[in-house]
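structure_12.cif follows; it contains mmCIF, C-alpha atoms and all ligand atoms.
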```
data_upload
loop_
_atom_site.label_atom_id
_atom_site.label_comp_id
_atom_site.auth_asym_id
_atom_site.auth_seq_id
_atom_site.Cartn_x
_atom_site.Cartn_y
_atom_site.Cartn_z
CA MET I 1 132.46 99.74 101.70
CA SER I 2 135.47 97.58 100.82
CA ALA I 3 134.28 95.95 97.56
CA LYS I 4 131.85 97.10 94.90
CA PRO I 5 128.45 95.51 95.55
CA ASP I 6 126.08 94.13 92.92
CA PRO I 7 123.71 96.61 91.22
CA ILE I 8 120.77 96.09 93.59
CA ASP I 9 123.07 96.49 96.58
CA MET I 10 124.54 99.60 94.96
CA ALA I 11 121.03 101.08 94.59
CA LYS I 12 120.28 100.27 98.24
CA TYR I 13 123.58 101.81 99.29
CA VAL I 14 122.88 105.01 97.33
CA SER I 15 119.46 105.49 98.93
CA ALA I 16 120.84 104.70 102.40
CA LEU I 17 123.63 107.23 102.07
CA ARG I 18 121.26 109.92 100.77
CA ALA I 19 119.00 109.33 103.79
CA LEU I 20 121.88 110.21 106.11
CA ASP I 21 121.52 113.82 104.91
CA TYR I 22 118.50 113.98 107.25
CA VAL I 23 120.62 113.12 110.30
CA GLN I 24 121.71 115.93 112.60
CA ASP I 25 123.97 115.96 115.62
CA GLY I 26 122.20 114.95 118.84
CA MET I 27 119.32 113.13 117.14
CA ARG I 28 117.59 110.03 118.48
CA ILE I 29 117.18 107.80 115.45
CA GLY I 30 115.07 104.73 114.77
CA LEU I 31 117.24 102.18 112.97
CA GLY I 32 115.36 100.02 110.48
CA THR I 33 115.86 96.37 109.62
CA GLY I 34 116.86 94.67 106.39
CA SER I 35 119.61 94.84 103.82
CA THR I 36 118.94 98.47 102.82
CA ALA I 37 118.74 99.64 106.42
CA ALA I 38 121.98 97.78 107.13
CA TRP I 39 123.78 100.05 104.65
CA MET I 40 122.34 103.03 106.49
CA VAL I 41 123.52 101.70 109.86
CA ARG I 42 127.04 101.14 108.48
CA GLY I 43 127.07 104.63 106.99
CA LEU I 44 125.83 106.16 110.23
CA GLY I 45 128.48 104.27 112.18
CA GLU I 46 131.12 105.63 109.84
CA ARG I 47 130.00 109.18 110.56
CA VAL I 48 130.02 108.51 114.28
CA ARG I 49 133.58 107.20 114.11
CA ARG I 50 134.96 109.51 111.43
CA ASP I 51 133.16 112.79 112.16
CA GLY I 52 132.35 112.42 115.85
CA LEU I 53 128.62 112.62 115.11
CA ARG I 54 126.69 112.18 118.36
CA VAL I 55 123.48 110.22 117.90
CA THR I 56 121.61 107.51 119.76
CA GLY I 57 119.88 104.70 117.92
CA VAL I 58 116.77 102.68 118.69
CA PRO I 59 117.03 99.44 116.67
CA THR I 60 113.94 97.75 115.25
CA SER I 61 115.29 94.21 115.63
CA SER I 62 117.94 92.21 117.46
CA ARG I 63 119.85 91.96 114.12
CA THR I 64 119.99 95.72 113.75
CA ALA I 65 120.93 96.14 117.42
CA SER I 66 123.97 93.88 116.94
CA LEU I 67 125.02 95.66 113.75
CA ALA I 68 124.60 99.11 115.30
CA ARG I 69 126.78 98.17 118.27
CA GLU I 70 129.42 96.69 115.95
CA CYS I 71 129.39 99.99 114.05
CA GLY I 72 129.96 102.02 117.22
CA ILE I 73 126.48 103.55 117.44
CA GLN I 74 125.13 104.10 120.93
CA VAL I 75 122.05 101.91 121.26
CA ILE I 76 119.16 102.74 123.59
CA THR I 77 115.67 101.31 124.00
CA LEU I 78 112.48 103.04 122.92
CA GLU I 79 111.51 103.04 126.58
CA ASP I 80 114.54 105.21 127.31
CA ALA I 81 114.22 107.39 124.22
CA LYS I 82 110.42 107.72 124.49
CA TRP I 83 110.24 109.73 121.26
CA LEU I 84 112.51 109.90 118.23
CA ASP I 85 113.57 112.63 115.82
CA LEU I 86 113.89 110.41 112.79
CA THR I 87 113.51 106.81 111.64
CA ILE I 88 115.24 105.48 108.54
CA ASP I 89 114.04 102.11 107.30
CA GLY I 90 113.60 100.03 104.16
CA ALA I 91 110.43 98.65 102.58
CA ASP I 92 109.35 95.66 100.55
CA GLU I 93 106.97 97.59 98.33
CA PHE I 94 105.82 101.18 97.88
CA ASP I 95 103.04 102.89 95.92
CA PRO I 96 102.84 106.44 94.49
CA GLY I 97 101.07 107.67 97.67
CA LEU I 98 103.99 106.43 99.82
CA GLY I 99 101.97 103.53 101.20
CA LEU I 100 104.26 100.63 102.08
CA ILE I 101 104.37 96.94 102.69
CA LYS I 102 107.01 96.01 105.25
CA GLY I 103 107.89 92.91 107.23
CA GLY I 104 109.62 90.75 104.62
CA GLY I 105 112.35 90.37 107.21
CA GLY I 106 109.86 89.76 110.02
CA ALA I 107 110.50 93.00 111.90
CA LEU I 108 107.26 94.84 111.09
CA LEU I 109 105.98 95.15 114.66
CA GLN I 110 108.97 96.92 116.14
CA GLU I 111 109.40 98.85 112.89
CA LYS I 112 105.86 100.21 113.04
CA ILE I 113 106.11 101.12 116.72
CA VAL I 114 109.42 102.89 116.19
CA ALA I 115 108.35 104.71 113.01
CA THR I 116 105.12 105.86 114.64
CA ALA I 117 107.10 107.22 117.59
CA SER I 118 109.22 109.40 115.28
CA ASP I 119 108.81 112.96 114.08
CA MET I 120 109.85 111.82 110.62
CA MET I 121 110.18 108.55 108.72
CA VAL I 122 112.54 108.35 105.76
CA VAL I 123 112.17 105.18 103.69
CA ILE I 124 115.06 103.88 101.61
CA THR I 125 114.35 101.72 98.60
CA ASP I 126 115.30 100.78 95.08
CA SER I 127 113.05 100.99 92.01
CA SER I 128 112.37 97.23 91.92
CA LYS I 129 109.97 97.79 94.83
CA ALA I 130 107.75 100.37 93.13
CA VAL I 131 104.17 99.33 92.36
CA ASP I 132 101.02 101.16 91.26
CA THR I 133 98.92 99.22 93.76
CA LEU I 134 100.23 97.42 96.84
CA GLY I 135 99.88 93.67 97.14
CA ALA I 136 102.30 91.95 94.76
CA PHE I 137 104.55 91.39 97.77
CA PRO I 138 102.84 89.02 100.25
CA LEU I 139 101.52 91.05 103.17
CA PRO I 140 103.08 89.93 106.48
CA VAL I 141 100.77 89.76 109.49
CA GLU I 142 102.24 89.09 112.94
CA VAL I 143 100.04 86.84 115.10
CA ILE I 144 100.49 85.38 118.55
CA PRO I 145 101.18 81.62 118.62
CA PHE I 146 98.16 80.84 120.83
CA GLY I 147 95.36 79.65 118.55
CA TRP I 148 97.15 80.82 115.41
CA GLN I 149 95.22 78.40 113.16
CA THR I 150 91.96 79.95 114.37
CA THR I 151 93.39 83.41 113.70
CA LYS I 152 94.44 82.26 110.23
CA ALA I 153 90.92 80.94 109.53
CA LEU I 154 89.38 84.23 110.70
CA ILE I 155 91.72 86.17 108.40
CA GLU I 156 90.81 83.91 105.45
CA GLU I 157 87.11 84.37 106.17
CA SER I 158 87.44 88.14 106.48
CA LEU I 159 89.35 88.36 103.19
CA ILE I 160 86.26 87.11 101.33
CA GLY I 161 84.65 90.54 101.70
CA MET I 162 87.79 92.46 100.76
CA ASP I 163 88.86 94.02 97.46
CA VAL I 164 91.87 91.79 96.87
CA ALA I 165 92.96 89.61 93.95
CA GLY I 166 94.23 86.61 95.94
CA ARG I 167 93.34 85.09 99.31
CA GLN I 168 95.99 82.50 100.11
CA VAL I 169 97.42 82.71 103.63
CA THR I 170 100.60 80.83 104.54
CA LEU I 171 102.54 80.38 107.76
CA ARG I 172 106.09 81.71 107.35
CA LEU I 173 108.71 79.04 107.96
CA ASN I 174 112.36 79.15 108.91
CA ARG I 175 113.63 75.95 107.33
CA ASP I 176 111.05 73.42 108.57
CA ALA I 177 109.98 75.23 111.74
CA PRO I 178 107.62 78.21 112.07
CA TYR I 179 109.48 81.51 111.80
CA ARG I 180 109.54 83.36 115.14
CA THR I 181 109.73 87.13 115.42
CA ASP I 182 111.84 88.93 118.02
CA GLU I 183 108.67 88.96 120.15
CA GLY I 184 108.26 85.17 119.83
CA ASN I 185 105.25 85.56 117.53
CA LEU I 186 104.44 83.97 114.17
CA ILE I 187 104.08 85.55 110.72
CA LEU I 188 101.25 84.78 108.32
CA ASP I 189 101.94 85.90 104.75
CA LEU I 190 98.85 87.01 102.83
CA HIS I 191 99.20 86.43 99.07
CA LEU I 192 96.75 89.07 97.90
CA ARG I 193 98.37 90.09 94.57
CA ARG I 194 96.47 93.40 94.57
CA ILE I 195 95.08 95.33 97.56
CA GLY I 196 92.20 97.52 96.39
CA ASN I 197 91.66 99.32 99.70
CA ALA I 198 94.72 99.14 101.93
CA ARG I 199 93.24 101.26 104.71
CA GLN I 200 90.15 99.09 105.03
CA LEU I 201 92.24 95.92 104.95
CA SER I 202 94.62 97.20 107.64
CA LEU I 203 91.73 98.10 109.95
CA MET I 204 90.04 94.76 109.35
CA LEU I 205 93.18 92.75 110.09
CA ASN I 206 94.01 94.58 113.30
CA GLN I 207 90.51 93.92 114.65
CA ILE I 208 90.95 90.14 114.55
CA PRO I 209 91.87 88.68 117.95
CA GLY I 210 95.34 87.15 117.76
CA VAL I 211 96.60 89.63 115.17
CA VAL I 212 99.30 91.80 116.68
CA GLU I 213 100.07 94.01 113.66
CA ASN I 214 100.11 93.97 109.89
CA GLY I 215 102.79 95.12 107.44
CA LEU I 216 100.81 97.93 105.80
CA PHE I 217 102.46 101.26 106.64
CA LEU I 218 99.97 103.95 105.63
CA ASP I 219 100.44 107.68 106.30
CA ILE I 220 103.70 106.93 108.13
CA CYS I 221 106.37 107.53 105.47
CA ASP I 222 107.32 111.22 105.11
CA VAL I 223 110.09 110.94 102.54
CA LEU I 224 110.83 108.07 100.17
CA ILE I 225 114.27 107.75 98.61
CA THR I 226 114.74 105.47 95.62
CA GLY I 227 118.31 104.66 94.71
CA GLU I 228 119.66 103.48 91.36
CA ALA I 229 122.78 101.43 90.76
CA ASP I 230 124.37 104.24 88.72
CA GLY I 231 124.21 106.68 91.64
CA GLY I 232 120.92 108.29 90.63
CA VAL I 233 118.48 108.97 93.42
CA GLU I 234 114.86 110.10 93.50
CA VAL I 235 113.63 111.88 96.60
CA HIS I 236 109.85 111.96 97.02
CA ASP I 237 108.67 114.33 99.77
CA GLY I 238 105.19 113.26 100.86
CA ALA I 239 104.21 116.55 102.53
CA SER I 240 104.97 118.80 99.56
CA GLY I 241 104.46 116.15 96.92
CA THR I 242 107.72 117.18 95.25
CA VAL I 243 109.93 114.63 93.55
CA THR I 244 113.54 115.60 92.92
CA HIS I 245 116.21 113.75 90.99
CA GLU I 246 119.78 113.88 92.18
CA ARG I 247 123.01 112.12 91.52
CA MET I 248 125.36 110.71 94.12
CA GLU I 249 128.86 110.93 92.69
CA MET I 250 131.22 108.13 93.52
CA ARG I 251 134.64 108.94 94.88
CA ASN I 252 137.54 106.84 96.15
CA GLY I 253 136.89 104.05 93.65
CA GLY I 254 133.22 103.79 94.49
CA ASN I 255 133.76 103.60 98.23
CA ILE I 256 132.19 106.92 99.10
CA PHE I 257 129.19 108.64 97.60
CA THR I 258 128.74 112.36 97.88
CA ASN I 259 125.61 114.26 97.03
CA ASP I 260 126.14 116.45 93.97
CA ALA I 261 122.48 117.41 93.77
CA GLY I 262 121.38 118.38 90.30
O1 LIG I 301 111.03 93.21 108.25
C1 LIG I 301 111.80 93.73 107.47
C2 LIG I 301 111.68 95.11 107.00
O2 LIG I 301 110.38 95.56 106.84
C3 LIG I 301 112.57 95.52 105.83
O3 LIG I 301 112.68 96.90 105.89
C4 LIG I 301 112.04 95.13 104.48
O4 LIG I 301 111.80 93.75 104.45
C5 LIG I 301 113.01 95.53 103.36
O5 LIG I 301 114.18 94.79 103.46
P1 LIG I 301 115.37 94.93 102.42
O6 LIG I 301 115.93 96.28 102.58
O7 LIG I 301 116.33 93.83 102.80
O8 LIG I 301 114.79 94.70 101.05
#
```

As a first step, turn the structure in this file into structure tokens.
Amino acid sequence: MSAKPDPIDMAKYVSALRALDYVQDGMRIGLGTGSTAAWMVRGLGERVRRDGLRVTGVPTSSRTASLARECGIQVITLEDAKWLDLTIDGADEFDPGLGLIKGGGGALLQEKIVATASDMMVVITDSSKAVDTLGAFPLPVEVIPFGWQTTKALIEESLIGMDVAGRQVTLRLNRDAPYRTDEGNLILDLHLRRIGNARQLSLMLNQIPGVVENGLFLDICDVLITGEADGGVEVHDGASGTVTHERMEMRNGGNIFTNDAG
């Protein structure tokens, strides 16, 4: 890192660097998408270049693929890798049970496929994304373009029976045009405000013809790392339920964090 980032970026950087402790030589790693995951990709690239770490990466978006290559990480497809040791990715929102909303950057489909094909998923976040109940962040749903307005109407109708606090559904735009995912699909954002039963909602959404996938990641995250701008980091292990607090000490004028666990 050449310049000190702003506090939110610092928190993202801290969590990303802590997540690299899970990386071992020879691993096949799912590379997430978004600003937090980008710090992880840069950090991983540094270890490849500096330490000779040998890993292969399966990116979850074309953006991450470009960044990984720039950083000197060997990129392979999921078809070639077939199964992964570890995925490290960000999230838009997380609850105390490690349920997530993802897809704010439009990469939820590849992210869910890659995370599900991994022995372990480590999620890197900052505390601004913590919620008691999911739903404050609009839930992204990827739909195919064919008949998308019908799909949207079916989603709206199905939401009537759901335990949610809002029911507005909007088409995601990129400037004035519909946003397109890497797969050429569209994103509908569901403004639900509070999701009472995430599991039921996820099942309902994925049963609607035209829906490809939704951004609820349930029972997928194994470890959630929450960074703070001052170098503090909380590591929540889903399997054991333990939550540990550590401190990443800055060295070299804030350019390198090391883990002085305490
Ligand atoms: O589609 C995007 C991904 O789900 C991201 O992981 C998520 O939006 C978090 O992104 P960021 O780290 O930029 O907040």

Report, in Å with one decimal, the straight-line distance from CA of Thr33 in chain I to CA of Ile73 in chain I. 15.0 Å

Nearest to Val223 in chain I: which of I:Gly147, I:Pro96, I:Gly135, I:Gly105 is it, counting only C-alpha atoms?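 Checking each of I:Gly147, I:Pro96, I:Gly135, I:Gly105 against Val223 in chain I, counting only C-alpha atoms, the winner is I:Pro96.
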
Produce as a list in words the set of residues near ligand LIG 301 (chain I), where near means within 6 Å with all atoms listed in the file considered. Thr33, Gly34, Ser35, Thr36, Ala37, Asp89, Gly90, Ala91, Asp92, Lys102, Gly103, Gly104, Gly105, Gly106, Ala107 and Leu108 of chain I

Kindly provide, as a short mmCIF file (atom, residue, chain, number, x, y, z; two decimals) with C-alpha atoms, in the coordinates of the input, the polymer residues lying within 9 Å of (89.1, 85.4, 119.9), counting all atoms listed in the file and using the coordinates exactly as they appear in the file.
```
data_model
loop_
_atom_site.label_atom_id
_atom_site.label_comp_id
_atom_site.auth_asym_id
_atom_site.auth_seq_id
_atom_site.Cartn_x
_atom_site.Cartn_y
_atom_site.Cartn_z
CA GLY I 147 95.36 79.65 118.55
CA THR I 150 91.96 79.95 114.37
CA THR I 151 93.39 83.41 113.70
CA ILE I 208 90.95 90.14 114.55
CA PRO I 209 91.87 88.68 117.95
CA GLY I 210 95.34 87.15 117.76
#
```

Ref. answer, residues at most 9 Å from (84.7, 100.8, 100.6) with all atoms listed in the file, as a VMD selection string: chain I and resid 162 to 163 197 200

Restricting the calculation to all atoms listed in the file, which member of I:Ser127, I:Gly30, I:Val141, I:Glu157 is positioned closest to Leu216 in chain I?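 Of I:Ser127, I:Gly30, I:Val141, I:Glu157, the one nearest Leu216 in chain I is I:Val141, counting all atoms listed in the file.
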
Suppose you want the space between CA of Ala68 in chain I and CA of Arg42 in chain I; what is it in Å?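 One can read the CA of Ala68 in chain I to CA of Arg42 in chain I distance as 7.5 Å.
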
Would you please work out which residue, of I:Glu93, I:Asp119, I:Asp9, I:Glu70, is nearest to Arg28 in chain I when using only C-alpha atoms?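 Looking at the shortest contact to Arg28 in chain I, the residue is I:Asp119.
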
Can you tell me, as JSON, numbers by chain, what residues are no more than 6 Å from range 54-61 of chain I when counting all atoms listed in the file, ignoring any on the same chain fewer than 4 positions away? {"I": [25, 26, 27, 28, 29, 30, 31, 32, 65, 74, 75, 76, 77, 110, 111]}

Taking C-alpha atoms for each residue, export the selection above as a PDB file, keeping the file's coordinate frame.
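The new file result_18.pdb reads:
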```pdb
ATOM      1  CA  ASP I  25     123.970 115.960 115.620  1.00  0.00           C
ATOM      2  CA  GLY I  26     122.200 114.950 118.840  1.00  0.00           C
ATOM      3  CA  MET I  27     119.320 113.130 117.140  1.00  0.00           C
ATOM      4  CA  ARG I  28     117.590 110.030 118.480  1.00  0.00           C
ATOM      5  CA  ILE I  29     117.180 107.800 115.450  1.00  0.00           C
ATOM      6  CA  GLY I  30     115.070 104.730 114.770  1.00  0.00           C
ATOM      7  CA  LEU I  31     117.240 102.180 112.970  1.00  0.00           C
ATOM      8  CA  GLY I  32     115.360 100.020 110.480  1.00  0.00           C
ATOM      9  CA  ALA I  65     120.930  96.140 117.420  1.00  0.00           C
ATOM     10  CA  GLN I  74     125.130 104.100 120.930  1.00  0.00           C
ATOM     11  CA  VAL I  75     122.050 101.910 121.260  1.00  0.00           C
ATOM     12  CA  ILE I  76     119.160 102.740 123.590  1.00  0.00           C
ATOM     13  CA  THR I  77     115.670 101.310 124.000  1.00  0.00           C
ATOM     14  CA  GLN I 110     108.970  96.920 116.140  1.00  0.00           C
ATOM     15  CA  GLU I 111     109.400  98.850 112.890  1.00  0.00           C
TER      16      GLU I 111
END
```

Distance in Å - CA of Gly241 in chain I versus CA of Val23 in chain I: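 Distance between the two atoms: 21.2 Å.
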
Nearest residue to Trp39 in chain I from the set I:Leu86, I:Leu67, I:Leu98, I:Val114 (distances using all atoms listed in the file):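 Looking only at the distances to Trp39 in chain I, the closest residue turns out to be I:Leu67.
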
Of the listed residues I:Gly52, I:Pro138, I:Gly99, I:Gly45, that which approaches Arg199 in chain I most closely, counting only C-alpha atoms: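 Ranking I:Gly52, I:Pro138, I:Gly99, I:Gly45 by distance to Arg199 in chain I, first place goes to I:Gly99.
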
Please provide the set of residues having any atom within 7 Å of Ile220 in chain I, restricted to all atoms listed in the file, with same-chain residues fewer than 3 positions apart removed, written as a PyMOL selection string. chain I and resi 116+121+217

Name the residues in contact with Ser128 in chain I at a cut-off of 9 Å, using all atoms listed in the file, excluding same-chain residues fewer than 2 positions from it; report them as a PyMOL selection string. chain I and resi 8+93+125-126+130-131

For Ser202 in chain I: contacts at 12 Å, all atoms listed in the file, fewer than 3 positions along chain excluded, given as a list in words: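 Final neighbour list, sorted by chain and number: Gly99, Leu100, Ile101, Leu139, Pro140, Val141, Ile155, Ser158, Leu159, Met162, Ile195, Gly196, Asn197, Ala198, Arg199, Leu205, Asn206, Gln207, Ile208, Val211, Val212, Glu213, Asn214, Gly215, Leu216, Phe217 and Leu218 of chain I.
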
Counting only C-alpha atoms, figure out which residue out of I:Leu78, I:Ile88, I:Ala165, I:Leu171 gets nearest to Thr133 in chain I.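 Using only C-alpha atoms, the shortest distance to Thr133 in chain I belongs to I:Ala165.
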
Applying 8 Å and all atoms listed in the file, which residues near Ala16 in chain I remain after dropping the ones on its own chain fewer than 2 positions away? List them as a list of chain:residue names.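 Contacts, with the query itself left out: I:Lys12, I:Tyr13, I:Val14, I:Arg18, I:Ala19, I:Leu20, I:Thr36, I:Ala37, I:Trp39, I:Met40, I:Gly43, I:Ile124.
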